[in-house]
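File shown: model_11.txt. Contents: compact mmCIF, C-alpha atoms and all ligand atoms.
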# COMPACT_ATOMS: atom_id res chain seq x y z
CA MET D 65 0.00 0.00 0.00
CA ILE D 66 1.38 3.44 -0.92
CA THR D 67 1.91 5.92 1.93
CA MET D 68 3.58 9.35 2.16
CA ASP D 69 6.91 7.57 2.82
CA ASP D 70 6.83 6.31 -0.79
CA ILE D 71 6.43 9.80 -2.24
CA ILE D 72 9.69 11.54 -3.19
CA ARG D 73 10.09 15.27 -2.53
CA GLU D 74 11.66 18.21 -4.33
CA GLY D 75 15.38 17.73 -4.85
CA ASN D 76 15.06 14.13 -5.99
CA PRO D 77 16.24 14.20 -9.63
CA THR D 78 13.50 11.75 -10.70
CA LEU D 79 11.02 14.64 -10.40
CA ARG D 80 12.95 16.47 -13.11
CA ALA D 81 13.40 13.52 -15.50
CA VAL D 82 11.29 12.86 -18.59
CA ALA D 83 9.62 9.53 -17.80
CA LYS D 84 9.65 6.57 -20.19
CA GLU D 85 6.62 5.28 -22.11
CA VAL D 86 5.33 1.94 -20.86
CA PRO D 87 4.57 -1.09 -23.06
CA ILE D 88 0.93 -1.42 -24.14
CA PRO D 89 -0.92 -3.49 -23.02
CA PRO D 90 0.51 -2.60 -19.60
CA THR D 91 2.41 -5.38 -17.81
CA ALA D 92 0.88 -6.95 -14.71
CA GLU D 93 3.42 -4.96 -12.67
CA ASP D 94 2.32 -1.64 -14.23
CA VAL D 95 -1.36 -2.54 -13.77
CA GLU D 96 -0.70 -3.28 -10.08
CA LEU D 97 1.20 0.00 -9.72
CA GLY D 98 -1.65 1.95 -11.29
CA ASN D 99 -4.20 0.33 -9.00
CA GLU D 100 -2.08 1.17 -5.95
CA MET D 101 -1.77 4.79 -7.10
CA LEU D 102 -5.54 5.09 -7.49
CA GLN D 103 -6.12 3.44 -4.10
CA PHE D 104 -3.68 5.91 -2.51
CA LEU D 105 -5.76 8.83 -3.81
CA LYS D 106 -9.01 7.29 -2.53
CA ASN D 107 -7.38 6.65 0.88
CA SER D 108 -6.02 10.20 0.97
CA GLN D 109 -9.55 11.55 0.53
CA ASP D 110 -11.06 9.30 3.22
CA PRO D 111 -10.97 11.21 6.54
CA VAL D 112 -10.55 8.04 8.62
CA LYS D 113 -7.85 6.40 6.45
CA ALA D 114 -6.03 9.70 5.80
CA GLU D 115 -5.84 10.28 9.53
CA GLU D 116 -4.79 6.72 10.31
CA LEU D 117 -2.14 6.59 7.54
CA HIS D 118 -1.08 10.25 7.83
CA LEU D 119 -1.88 10.91 4.18
CA ARG D 120 -2.05 14.36 2.54
CA GLY D 121 -5.15 14.75 0.39
CA GLY D 122 -4.58 14.48 -3.34
CA VAL D 123 -6.67 14.10 -6.49
CA GLY D 124 -3.75 13.20 -8.76
CA LEU D 125 -0.50 11.23 -8.57
CA ALA D 126 2.21 10.45 -11.15
CA ALA D 127 4.60 7.44 -11.08
CA PRO D 128 7.73 9.67 -10.93
CA GLN D 129 6.48 10.84 -7.50
CA LEU D 130 7.09 7.24 -6.39
CA ASP D 131 10.62 7.39 -7.87
CA ILE D 132 9.35 5.32 -10.83
CA SER D 133 10.18 7.13 -14.08
CA LYS D 134 7.27 5.75 -16.11
CA ARG D 135 4.48 7.57 -17.99
CA ILE D 136 1.67 6.47 -15.67
CA ILE D 137 -0.72 8.84 -13.84
CA ALA D 138 -3.73 8.27 -11.61
CA VAL D 139 -6.55 10.76 -11.02
CA HIS D 140 -9.45 10.52 -8.62
CA VAL D 141 -11.42 13.76 -8.71
CA PRO D 142 -14.46 13.76 -6.40
CA SER D 143 -17.68 14.91 -7.98
CA THR D 144 -18.63 18.47 -7.03
CA ASP D 145 -22.13 17.91 -8.39
CA PRO D 146 -24.33 16.27 -5.70
CA GLU D 147 -26.46 14.58 -8.40
CA LYS D 148 -23.44 12.96 -10.09
CA PRO D 149 -21.75 9.79 -8.76
CA GLU D 150 -19.06 9.75 -6.10
CA SER D 151 -16.30 10.72 -8.52
CA SER D 152 -16.31 12.81 -11.67
CA LEU D 153 -13.04 11.38 -13.01
CA SER D 154 -11.39 8.29 -11.57
CA THR D 155 -8.86 6.43 -13.69
CA VAL D 156 -5.27 5.34 -14.33
CA MET D 157 -3.79 6.67 -17.58
CA TYR D 158 -0.91 4.87 -19.32
CA ASN D 159 1.15 7.00 -21.75
CA PRO D 160 -1.23 9.97 -21.48
CA LYS D 161 -0.79 12.71 -24.10
CA VAL D 162 -2.43 16.10 -24.57
CA LEU D 163 -3.57 16.00 -28.20
CA SER D 164 -5.00 19.52 -28.26
CA HIS D 165 -6.02 22.30 -25.90
CA SER D 166 -8.13 25.44 -25.79
CA VAL D 167 -6.69 28.90 -26.28
CA GLN D 168 -8.78 29.80 -23.23
CA GLU D 169 -6.73 29.48 -20.07
CA ALA D 170 -7.71 28.67 -16.47
CA CYS D 171 -6.20 28.38 -13.01
CA LEU D 172 -7.23 27.30 -9.52
CA GLY D 173 -8.21 30.38 -7.52
CA GLU D 174 -6.30 29.05 -4.51
CA GLY D 175 -3.19 28.07 -6.40
CA GLU D 176 -1.88 24.51 -6.62
CA GLY D 177 -0.44 22.06 -4.14
CA CYS D 178 1.67 18.95 -4.80
CA LEU D 179 2.34 15.88 -2.68
CA SER D 180 6.04 16.18 -3.56
CA VAL D 181 6.23 19.80 -2.38
CA ASP D 182 6.24 20.26 1.40
CA ARG D 183 5.64 24.00 1.29
CA GLU D 184 3.02 26.47 0.13
CA VAL D 185 3.99 28.12 -3.15
CA PRO D 186 1.55 30.99 -3.65
CA GLY D 187 0.60 32.07 -7.15
CA TYR D 188 -1.67 31.31 -10.05
CA VAL D 189 -0.71 28.29 -12.17
CA VAL D 190 -2.19 29.20 -15.55
CA ARG D 191 -3.04 26.22 -17.72
CA ALA D 192 -5.34 25.42 -20.69
CA ALA D 193 -9.01 25.50 -19.62
CA ARG D 194 -9.90 22.51 -21.84
CA ILE D 195 -7.79 19.65 -23.16
CA THR D 196 -8.20 16.55 -25.29
CA VAL D 197 -6.16 13.69 -23.83
CA SER D 198 -5.34 10.29 -25.32
CA TYR D 199 -4.23 7.43 -23.06
CA PHE D 200 -4.33 3.66 -22.70
CA ASP D 201 -6.17 1.93 -19.84
CA ALA D 202 -5.07 -1.13 -17.84
CA GLU D 203 -6.48 -3.43 -20.54
CA GLY D 204 -4.51 -1.64 -23.24
CA GLU D 205 -7.63 -0.01 -24.71
CA ALA D 206 -7.07 3.42 -26.28
CA HIS D 207 -9.13 6.35 -25.02
CA LYS D 208 -9.54 9.95 -26.13
CA VAL D 209 -11.25 12.24 -23.62
CA ARG D 210 -12.11 15.94 -23.49
CA LEU D 211 -11.63 17.49 -20.05
CA LYS D 212 -12.40 20.97 -18.73
CA ASN D 213 -11.94 23.08 -15.60
CA TYR D 214 -10.74 21.27 -12.43
CA GLU D 215 -10.32 17.87 -14.17
CA ALA D 216 -8.30 19.50 -16.96
CA ILE D 217 -6.08 21.30 -14.41
CA VAL D 218 -5.41 18.10 -12.46
CA VAL D 219 -4.54 16.02 -15.54
CA GLN D 220 -2.21 18.76 -16.83
CA HIS D 221 -0.49 18.90 -13.41
CA GLU D 222 0.06 15.12 -13.49
CA ILE D 223 1.20 15.01 -17.14
CA ASP D 224 3.68 17.77 -16.20
CA HIS D 225 5.17 15.35 -13.62
CA ILE D 226 5.96 12.72 -16.30
CA ASN D 227 7.73 15.50 -18.23
CA GLY D 228 9.78 16.66 -15.23
CA ILE D 229 7.77 19.88 -14.80
CA MET D 230 6.66 21.18 -11.37
CA PHE D 231 3.57 23.39 -10.93
CA TYR D 232 5.61 26.36 -9.71
CA ASP D 233 7.54 26.40 -13.02
CA HIS D 234 4.39 28.05 -14.41
CA ILE D 235 4.09 30.75 -11.73
CA ASN D 236 4.99 34.30 -12.82
CA ASP D 237 8.08 35.15 -10.77
CA GLN D 238 7.66 38.92 -11.11
CA ASN D 239 4.05 38.86 -9.92
CA PRO D 240 2.75 35.42 -8.86
CA LEU D 241 -0.78 36.76 -8.45
CA HIS D 242 -0.92 38.55 -11.79
CA LEU D 243 -3.78 37.39 -13.96
CA LYS D 244 -4.03 38.25 -17.67
CA ASP D 245 -7.50 39.17 -18.93
CA GLY D 246 -9.68 36.23 -19.88
CA VAL D 247 -8.07 33.62 -17.61
CA LEU D 248 -10.84 31.58 -15.99
CA VAL D 249 -10.42 31.35 -12.21
CA ILE D 250 -11.69 28.00 -10.87
CA ASP D 251 -12.86 27.83 -7.25
C1 LIG D 301 -1.57 26.37 -2.53
N1 LIG D 301 -2.98 26.24 -2.48
C2 LIG D 301 -3.53 25.01 -2.49
O1 LIG D 301 -2.92 23.98 -2.62
C3 LIG D 301 -5.00 24.97 -2.39
C4 LIG D 301 -5.64 25.57 -1.29
C5 LIG D 301 -7.05 25.51 -1.21
C6 LIG D 301 -7.80 24.90 -2.21
C7 LIG D 301 -7.17 24.33 -3.32
C8 LIG D 301 -8.02 23.72 -4.41
C9 LIG D 301 -5.76 24.37 -3.42
N2 LIG D 301 -5.09 23.76 -4.47
C10 LIG D 301 -5.08 22.39 -4.65
N3 LIG D 301 -5.83 21.64 -3.82
C11 LIG D 301 -5.85 20.31 -4.09
N4 LIG D 301 -6.63 19.50 -3.29
C12 LIG D 301 -7.55 20.08 -2.37
C13 LIG D 301 -7.75 19.21 -1.17
N5 LIG D 301 -8.08 17.85 -1.59
C14 LIG D 301 -8.56 17.00 -0.56
C15 LIG D 301 -7.99 17.06 0.72
C16 LIG D 301 -8.47 16.21 1.72
C17 LIG D 301 -9.52 15.31 1.46
C18 LIG D 301 -10.09 15.26 0.19
C19 LIG D 301 -9.61 16.10 -0.81
CL1 LIG D 301 -10.34 16.04 -2.39
C20 LIG D 301 -7.11 17.23 -2.46
C21 LIG D 301 -6.83 18.10 -3.65
N6 LIG D 301 -5.15 19.72 -5.08
C22 LIG D 301 -4.41 20.56 -5.86
N7 LIG D 301 -3.76 20.00 -6.89
C23 LIG D 301 -3.15 20.82 -7.95
S1 LIG D 301 -3.51 19.90 -9.44
C24 LIG D 301 -3.23 18.35 -8.58
C25 LIG D 301 -3.92 18.60 -7.22
C26 LIG D 301 -3.39 17.68 -6.14
O2 LIG D 301 -3.86 16.57 -5.99
N8 LIG D 301 -2.41 18.16 -5.35
C27 LIG D 301 -1.91 17.33 -4.30
N9 LIG D 301 -4.35 21.90 -5.67
NI NI D 302 2.14 17.17 -8.03

Translate this structure into structure tokens?
Amino acid sequence: MITMDDIIREGNPTLRAVAKEVPIPPTAEDVELGNEMLQFLKNSQDPVKAEELHLRGGVGLAAPQLDISKRIIAVHVPSTDPEKPESSLSTVMYNPKVLSHSVQEACLGEGEGCLSVDREVPGYVVRAARITVSYFDAEGEAHKVRLKNYEAIVVQHEIDHINGIMFYDHINDQNPLHLKDGVLVID
């Protein structure tokens, strides 16, 4: 079971490496890894388990954060819409790729956090508001999905990890809280 002890922190060079594509269909080992990553996110969002296991809450995790330089990400975004099911996006993506993105940009109004960053880094992380992502699932099936708003932000943050990019690389050094016109602020 993955805990915070398995998550590497800033300074570990694996976070700055470009991760390798994985064979498709994924090996049993990579399927197991993906399932453990998804379970970690679910545990991190469960008040009882998070407390018990001392987990920081997360909605996304990338294999490089486990010191495994492979192009595998997991996302488990809870539904914000009471009518919709328990999660709006819950999946493991193998070799994810942003095929296209909107000109429109967006950012989280409260900035971004990362399980590999043990400090608050204030500032807007401006990303594409909508993206089209291709990926393979655990069975090796190809998928192409359009994501927007929070889900799009999370998947871009995790795909950044497999390219050695950290969220604060996007923050405007001169004025972290500067927002160009037209950038959608997501709360
Ligand atoms: C500096 N200000 C901030 O961090 C920040 C501050 C306020 C609000 C937001 C919204 C912020 N930003 C931010 N909050 C999150 N969570 C909110 C809490 N939540 C969670 C926690 C516990 C149980 C269940 C859940 Cl659901 C888990 C997710 N997650 C991300 N990111 C950036 S994209 C990948 C994603 C990630 O999983 N990071 C670990 N950013
Ligand atoms: Ni992160």

Selection as a list in words: residues within 9 Å of ligand NI 302 (chain D) by all atoms listed in the file: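 Result of the 9 Å neighbour search around ligand NI 302 (chain D): Gly122, Gly124, Leu125, Ala126, Gln129, Glu176, Gly177, Cys178, Leu179, Ser180, Val181, Val218, His221, Glu222, Asp224, His225, Met230 and Phe231 of chain D.
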
Test item: residues lying within 10 Å of ligand LIG 301 (chain D) with all atoms listed in the file, as JSON, numbers by chain: {"D": [105, 106, 107, 108, 109, 110, 111, 114, 119, 120, 121, 122, 123, 124, 125, 126, 139, 140, 141, 142, 143, 144, 171, 172, 173, 174, 175, 176, 177, 178, 179, 180, 181, 183, 184, 185, 186, 187, 188, 189, 214, 215, 216, 217, 218, 219, 220, 221, 222, 231, 250, 251]}

Write the residues of the preceding selection, restricted to C-alpha atoms, as a PDB file, in the coordinates of the input.
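Now in result_10.pdb:
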ATOM      1  CA  LEU D 105      -5.760   8.830  -3.810  1.00  0.00           C
ATOM      2  CA  LYS D 106      -9.010   7.290  -2.530  1.00  0.00           C
ATOM      3  CA  ASN D 107      -7.380   6.650   0.880  1.00  0.00           C
ATOM      4  CA  SER D 108      -6.020  10.200   0.970  1.00  0.00           C
ATOM      5  CA  GLN D 109      -9.550  11.550   0.530  1.00  0.00           C
ATOM      6  CA  ASP D 110     -11.060   9.300   3.220  1.00  0.00           C
ATOM      7  CA  PRO D 111     -10.970  11.210   6.540  1.00  0.00           C
ATOM      8  CA  ALA D 114      -6.030   9.700   5.800  1.00  0.00           C
ATOM      9  CA  LEU D 119      -1.880  10.910   4.180  1.00  0.00           C
ATOM     10  CA  ARG D 120      -2.050  14.360   2.540  1.00  0.00           C
ATOM     11  CA  GLY D 121      -5.150  14.750   0.390  1.00  0.00           C
ATOM     12  CA  GLY D 122      -4.580  14.480  -3.340  1.00  0.00           C
ATOM     13  CA  VAL D 123      -6.670  14.100  -6.490  1.00  0.00           C
ATOM     14  CA  GLY D 124      -3.750  13.200  -8.760  1.00  0.00           C
ATOM     15  CA  LEU D 125      -0.500  11.230  -8.570  1.00  0.00           C
ATOM     16  CA  ALA D 126       2.210  10.450 -11.150  1.00  0.00           C
ATOM     17  CA  VAL D 139      -6.550  10.760 -11.020  1.00  0.00           C
ATOM     18  CA  HIS D 140      -9.450  10.520  -8.620  1.00  0.00           C
ATOM     19  CA  VAL D 141     -11.420  13.760  -8.710  1.00  0.00           C
ATOM     20  CA  PRO D 142     -14.460  13.760  -6.400  1.00  0.00           C
ATOM     21  CA  SER D 143     -17.680  14.910  -7.980  1.00  0.00           C
ATOM     22  CA  THR D 144     -18.630  18.470  -7.030  1.00  0.00           C
ATOM     23  CA  CYS D 171      -6.200  28.380 -13.010  1.00  0.00           C
ATOM     24  CA  LEU D 172      -7.230  27.300  -9.520  1.00  0.00           C
ATOM     25  CA  GLY D 173      -8.210  30.380  -7.520  1.00  0.00           C
ATOM     26  CA  GLU D 174      -6.300  29.050  -4.510  1.00  0.00           C
ATOM     27  CA  GLY D 175      -3.190  28.070  -6.400  1.00  0.00           C
ATOM     28  CA  GLU D 176      -1.880  24.510  -6.620  1.00  0.00           C
ATOM     29  CA  GLY D 177      -0.440  22.060  -4.140  1.00  0.00           C
ATOM     30  CA  CYS D 178       1.670  18.950  -4.800  1.00  0.00           C
ATOM     31  CA  LEU D 179       2.340  15.880  -2.680  1.00  0.00           C
ATOM     32  CA  SER D 180       6.040  16.180  -3.560  1.00  0.00           C
ATOM     33  CA  VAL D 181       6.230  19.800  -2.380  1.00  0.00           C
ATOM     34  CA  ARG D 183       5.640  24.000   1.290  1.00  0.00           C
ATOM     35  CA  GLU D 184       3.020  26.470   0.130  1.00  0.00           C
ATOM     36  CA  VAL D 185       3.990  28.120  -3.150  1.00  0.00           C
ATOM     37  CA  PRO D 186       1.550  30.990  -3.650  1.00  0.00           C
ATOM     38  CA  GLY D 187       0.600  32.070  -7.150  1.00  0.00           C
ATOM     39  CA  TYR D 188      -1.670  31.310 -10.050  1.00  0.00           C
ATOM     40  CA  VAL D 189      -0.710  28.290 -12.170  1.00  0.00           C
ATOM     41  CA  TYR D 214     -10.740  21.270 -12.430  1.00  0.00           C
ATOM     42  CA  GLU D 215     -10.320  17.870 -14.170  1.00  0.00           C
ATOM     43  CA  ALA D 216      -8.300  19.500 -16.960  1.00  0.00           C
ATOM     44  CA  ILE D 217      -6.080  21.300 -14.410  1.00  0.00           C
ATOM     45  CA  VAL D 218      -5.410  18.100 -12.460  1.00  0.00           C
ATOM     46  CA  VAL D 219      -4.540  16.020 -15.540  1.00  0.00           C
ATOM     47  CA  GLN D 220      -2.210  18.760 -16.830  1.00  0.00           C
ATOM     48  CA  HIS D 221      -0.490  18.900 -13.410  1.00  0.00           C
ATOM     49  CA  GLU D 222       0.060  15.120 -13.490  1.00  0.00           C
ATOM     50  CA  PHE D 231       3.570  23.390 -10.930  1.00  0.00           C
ATOM     51  CA  ILE D 250     -11.690  28.000 -10.870  1.00  0.00           C
ATOM     52  CA  ASP D 251     -12.860  27.830  -7.250  1.00  0.00           C
TER      53      ASP D 251
END

Expected answer as number ranges by chain: all residues with atoms within 12 Å of (-11.3, 30.3, -29.1), only C-alpha atoms: D: 165-169, 192-194, 246

6 Å contact set for range 196-201 of chain D, only C-alpha atoms, chain neighbours under 3 positions out, as a PDB file with C-alpha atoms, in the coordinates of the input:
ATOM      1  CA  MET D 157      -3.790   6.670 -17.580  1.00  0.00           C
ATOM      2  CA  TYR D 158      -0.910   4.870 -19.320  1.00  0.00           C
ATOM      3  CA  ASN D 159       1.150   7.000 -21.750  1.00  0.00           C
ATOM      4  CA  PRO D 160      -1.230   9.970 -21.480  1.00  0.00           C
ATOM      5  CA  LYS D 161      -0.790  12.710 -24.100  1.00  0.00           C
ATOM      6  CA  VAL D 162      -2.430  16.100 -24.570  1.00  0.00           C
ATOM      7  CA  LEU D 163      -3.570  16.000 -28.200  1.00  0.00           C
ATOM      8  CA  SER D 164      -5.000  19.520 -28.260  1.00  0.00           C
ATOM      9  CA  GLY D 204      -4.510  -1.640 -23.240  1.00  0.00           C
ATOM     10  CA  GLU D 205      -7.630  -0.010 -24.710  1.00  0.00           C
ATOM     11  CA  ALA D 206      -7.070   3.420 -26.280  1.00  0.00           C
ATOM     12  CA  HIS D 207      -9.130   6.350 -25.020  1.00  0.00           C
ATOM     13  CA  LYS D 208      -9.540   9.950 -26.130  1.00  0.00           C
ATOM     14  CA  VAL D 209     -11.250  12.240 -23.620  1.00  0.00           C
ATOM     15  CA  ARG D 210     -12.110  15.940 -23.490  1.00  0.00           C
TER      16      ARG D 210
END

Contacts of Leu130 in chain D within 9 Å, all atoms listed in the file, excl. fewer than 4 positions in-chain, as JSON, numbers by chain: {"D": [66, 70, 71, 72, 78, 125, 126]}

Write the residues of the selection above to a file with C-alpha atoms, as a CSV table (one decimal), in the coordinates of the input.
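out17.csv, written as the output of this step:
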chain,number,residue,atom,x,y,z
D,66,ILE,CA,1.4,3.4,-0.9
D,70,ASP,CA,6.8,6.3,-0.8
D,71,ILE,CA,6.4,9.8,-2.2
D,72,ILE,CA,9.7,11.5,-3.2
D,78,THR,CA,13.5,11.8,-10.7
D,125,LEU,CA,-0.5,11.2,-8.6
D,126,ALA,CA,2.2,10.4,-11.2

Residue neighbourhood Ala127 in chain D, 8 Å, all atoms listed in the file, exclusion window fewer than 5 positions, as a list in words: Met101, Ile132, Ser133, Lys134, Arg135, Ile136, Ile137 and Ile226 of chain D

Selected residue, from D:Val190, D:Met65, D:Val156, D:Ala83, that lies nearest to Ala170 in chain D when counting all atoms listed in the file: D:Val190

Selected residue of minimal separation from Leu102 in chain D among D:Thr67, D:Gln238, D:Asn227, D:Thr155, counting only C-alpha atoms: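 Comparing D:Thr67, D:Gln238, D:Asn227, D:Thr155 against Leu102 in chain D, the winner is D:Thr155.
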
Residue nearest His118 in chain D - candidates D:Glu100, D:Met68, D:Asp233, D:Asn213, atoms counted: only C-alpha atoms: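 Closest to His118 in chain D of all the choices is D:Met68.
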
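We find CA of Thr91 in chain D and CA of Pro77 in chain D to be spaced 25.3 Å apart.
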
Pairwise distance for CA of Arg191 in chain D and CA of Asn99 in chain D, rounded to one decimal in Å: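 Between these atoms lies a distance of 27.3 Å.
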
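Going from CA of Glu203 in chain D to CA of Asp94 in chain D covers 11.0 Å.
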
Of the listed residues D:Ile195, D:Glu115, D:Phe104, D:Gly98, that which approaches Val86 in chain D most closely, counting all atoms listed in the file: D:Gly98

Closest of D:Asn76, D:Gly228, D:His242, D:Leu248 to Lys212 in chain D - atom-to-atom distances counting all atoms listed in the file: D:Leu248
